[in-house]
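Worksheet: one structure, shown below.
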Amino acid sequence: MGENGEIIWRVSALTDEAAEHLVGPASKIDSFTLRNLNETFTVRRRQFDSFGVDHLLGILKSEAGPTFRVRFATPTAFKSKGRYVIMPDVRLVFQNLLMRYNQAYAGDCEIDPETLEYISEHVSITSYNLCSRYFPRTMGKADKIPAFAGTLTLRAFGPQSLQGLVAMLLAFGEASGVGVKTSMGMGGMQLLKGPSNRKGGTVGR
């Protein structure tokens, strides 16, 4: 939901191939009907944003600064030991982002445990304004996923290389989403303070 009450439909793609099959067709839609609501919506405005891997690597090497403010725009949750985690946790956030980044650009979900441990030990949540949310698995059904939404501030207590890595992963997260069920609309995030990609979009090679 936008600031003026408009509904924002965001389509993100992490590769050129995904953009061709997702963003391209979606850009041609002038109206669509949600069958569960039996309501038709008209597209009033389109915005396209894209950035490449070079942009992310530039963030990695930049003087990003130690403080980052993140908005979880749609209900966000993680899963650990078979249970939903409905509070943001530094380890779970960056574990998920590292996994997604590696899967998109290295073809492998494996992450370096030492890198994750270093981030977990040197990045802290310094403030937050969060509330609980529920995400329905199916429109109109009682089965809902417990989650959270809102904003938080992170601080990286470490060298520029750590700050750059945190900045890059959070910027990547604007396009990839974070946590569970991102393909259904959960885990939408926006970097409010830091090297943001603005409203995100497609990530190309």
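Just so we're on the same page: first chain in the structure tokens is A, next is B, and so on; residues restart at 1 for each chain, and ligands are numbered from 1 in the order they show up.
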
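The neighbours of Cys131 of chain A here are the residues that come within 10 Å of it, using only C-alpha atoms and leaving out any residue fewer than 3 positions away in the same chain; they are Pro75, Ile86, Met87, Tyr128, Ala147, Phe148, Ala149, Gly150 and Thr151 of chain A.
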
Go ahead and save the picked residues with N, CA and C atoms, as a compact mmCIF listing (two decimals), in the first residue's frame.
```txt
# COMPACT_ATOMS: atom_id res chain seq x y z
N PRO A 75 4.26 -8.17 5.13
CA PRO A 75 4.51 -9.09 6.25
C PRO A 75 5.73 -9.97 6.00
N ILE A 86 8.83 -14.44 14.22
CA ILE A 86 8.11 -13.22 13.85
C ILE A 86 8.73 -11.97 14.46
N MET A 87 10.01 -12.08 14.80
CA MET A 87 10.80 -10.91 15.19
C MET A 87 12.07 -10.93 14.35
N TYR A 128 13.80 -0.02 16.65
CA TYR A 128 12.81 -0.61 15.76
C TYR A 128 11.42 -0.06 16.08
N ALA A 147 3.61 -13.01 11.16
CA ALA A 147 4.72 -12.25 10.59
C ALA A 147 4.83 -10.90 11.31
N PHE A 148 5.74 -10.06 10.80
CA PHE A 148 5.92 -8.71 11.34
C PHE A 148 6.07 -7.73 10.19
N ALA A 149 5.88 -6.44 10.48
CA ALA A 149 6.10 -5.37 9.50
C ALA A 149 6.54 -4.13 10.27
N GLY A 150 7.13 -3.18 9.56
CA GLY A 150 7.59 -1.95 10.20
C GLY A 150 9.02 -1.62 9.85
N THR A 151 9.68 -0.86 10.70
CA THR A 151 11.04 -0.40 10.42
C THR A 151 11.99 -0.78 11.53
```

Close residues, Ile111 of chain A itself excluded, 8 Å, only C-alpha atoms, min 2 positions apart in chain, as a ChimeraX atom specification: /A:95,98-99,102,109,113,115-116

Residues flagged strand (DSSP E or B) by DSSP in segment 19-68 of chain A, as a ChimeraX atom specification: /A:31-34,39-42,50-52,67-68

Segment 184-186 of chain A environment, 10 Å, only C-alpha atoms, sequence neighbours closer than 4 positions dropped, as a PyMOL selection string: chain A and resi 9-11+72-77+135-137+145+147-149+177-180

Take the residues that were just selected and, keeping N, CA and C atoms, output them as a short mmCIF file (atom, residue, chain, number, x, y, z; two decimals), in the first residue's frame.
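Below is the file that was written, result08.cif:
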```cif
data_model
loop_
_atom_site.label_atom_id
_atom_site.label_comp_id
_atom_site.auth_asym_id
_atom_site.auth_seq_id
_atom_site.Cartn_x
_atom_site.Cartn_y
_atom_site.Cartn_z
N TRP A 9 1.67 -2.82 -6.93
CA TRP A 9 1.98 -4.18 -7.36
C TRP A 9 3.41 -4.17 -7.87
N ARG A 10 4.27 -4.85 -7.16
CA ARG A 10 5.69 -4.82 -7.48
C ARG A 10 6.13 -6.18 -8.01
N VAL A 11 6.75 -6.16 -9.17
CA VAL A 11 7.25 -7.39 -9.79
C VAL A 11 8.77 -7.27 -9.87
N PHE A 72 10.25 -3.03 6.45
CA PHE A 72 9.62 -4.26 5.99
C PHE A 72 8.21 -3.88 5.55
N ALA A 73 8.04 -3.73 4.24
CA ALA A 73 6.82 -3.16 3.68
C ALA A 73 5.67 -4.14 3.63
N THR A 74 5.96 -5.42 3.51
CA THR A 74 4.93 -6.45 3.53
C THR A 74 5.24 -7.42 4.66
N PRO A 75 4.26 -8.17 5.13
CA PRO A 75 4.51 -9.09 6.25
C PRO A 75 5.73 -9.97 6.00
N THR A 76 6.58 -10.04 7.01
CA THR A 76 7.87 -10.74 6.88
C THR A 76 8.01 -11.75 8.02
N ALA A 77 8.52 -12.92 7.71
CA ALA A 77 8.77 -13.93 8.72
C ALA A 77 9.91 -14.82 8.27
N PHE A 135 -0.28 -13.04 7.33
CA PHE A 135 -0.34 -13.13 5.87
C PHE A 135 -1.19 -14.34 5.51
N PRO A 136 -2.35 -14.13 4.85
CA PRO A 136 -3.21 -15.27 4.50
C PRO A 136 -2.59 -16.12 3.40
N ARG A 137 -2.56 -17.42 3.61
CA ARG A 137 -2.07 -18.32 2.56
C ARG A 137 -3.00 -18.30 1.36
N ILE A 145 -0.17 -16.93 8.03
CA ILE A 145 1.21 -17.04 8.49
C ILE A 145 1.51 -15.87 9.43
N ALA A 147 3.61 -13.01 11.16
CA ALA A 147 4.72 -12.25 10.59
C ALA A 147 4.83 -10.90 11.31
N PHE A 148 5.74 -10.06 10.80
CA PHE A 148 5.92 -8.71 11.34
C PHE A 148 6.07 -7.73 10.19
N ALA A 149 5.88 -6.44 10.48
CA ALA A 149 6.10 -5.37 9.50
C ALA A 149 6.54 -4.13 10.27
N GLY A 177 13.64 -9.55 -1.84
CA GLY A 177 12.82 -9.84 -0.67
C GLY A 177 13.63 -10.64 0.33
N VAL A 178 13.03 -10.89 1.50
CA VAL A 178 13.75 -11.60 2.54
C VAL A 178 12.76 -12.45 3.34
N GLY A 179 13.24 -13.61 3.79
CA GLY A 179 12.38 -14.46 4.61
C GLY A 179 11.61 -15.46 3.78
N VAL A 180 10.50 -15.94 4.34
CA VAL A 180 9.71 -16.99 3.71
C VAL A 180 8.65 -16.40 2.78
#
```

Residue nearest Val90 of chain A - candidates A:Thr15, A:Ser120, A:Thr33, A:Gln103, atoms counted: only C-alpha atoms: A:Ser120

Surrounding residues of Arg155 of chain A excluding itself and chain neighbours under 6 positions, 8 Å, only C-alpha atoms, as a ChimeraX atom specification: /A:66-68,123-126

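Using only C-alpha atoms, the nearest neighbour of Phe51 of chain A within the list A:Glu39, A:Asp16, A:Glu117, A:Glu63 is A:Asp16.
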
One-decimal distance in Å that lies between atom CA of Gln190 of chain A and atom CA of Phe157 of chain A: 21.6 Å

Shortest interatomic distance to Ile119 of chain A - which of A:Leu92, A:Arg133, A:Leu162, A:Ser80, counting only C-alpha atoms: A:Leu162

Test item, alpha helix (DSSP H) assignment across chain A, answer as a ChimeraX atom specification: /A:16-18,24-26,53-61,90-105,113-122,160-176

Which of A:Leu170, A:Val70, A:Leu154, A:Leu191 sits closest to Leu56 of chain A [using only C-alpha atoms]: A:Leu170

Interatomic distance (Å, one decimal) between atom CA of Val23 of chain A and atom CA of Leu169 of chain A: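 Atom CA of Val23 of chain A sits 22.2 Å away from atom CA of Leu169 of chain A.
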
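From atom CA of Met189 of chain A back to atom CA of Asp30 of chain A, the distance works out to 25.6 Å.
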
Shortest interatomic distance to Ala19 of chain A - which of A:Arg35, A:Ala175, A:Pro159, A:Arg100, counting only C-alpha atoms: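 Distance minimum relative to Ala19 of chain A lands on A:Ala175.
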
Spatial neighbours of segment 25-29 of chain A, 9 Å, only C-alpha atoms, chain gap at least 5 places, as a count of residues only: 6
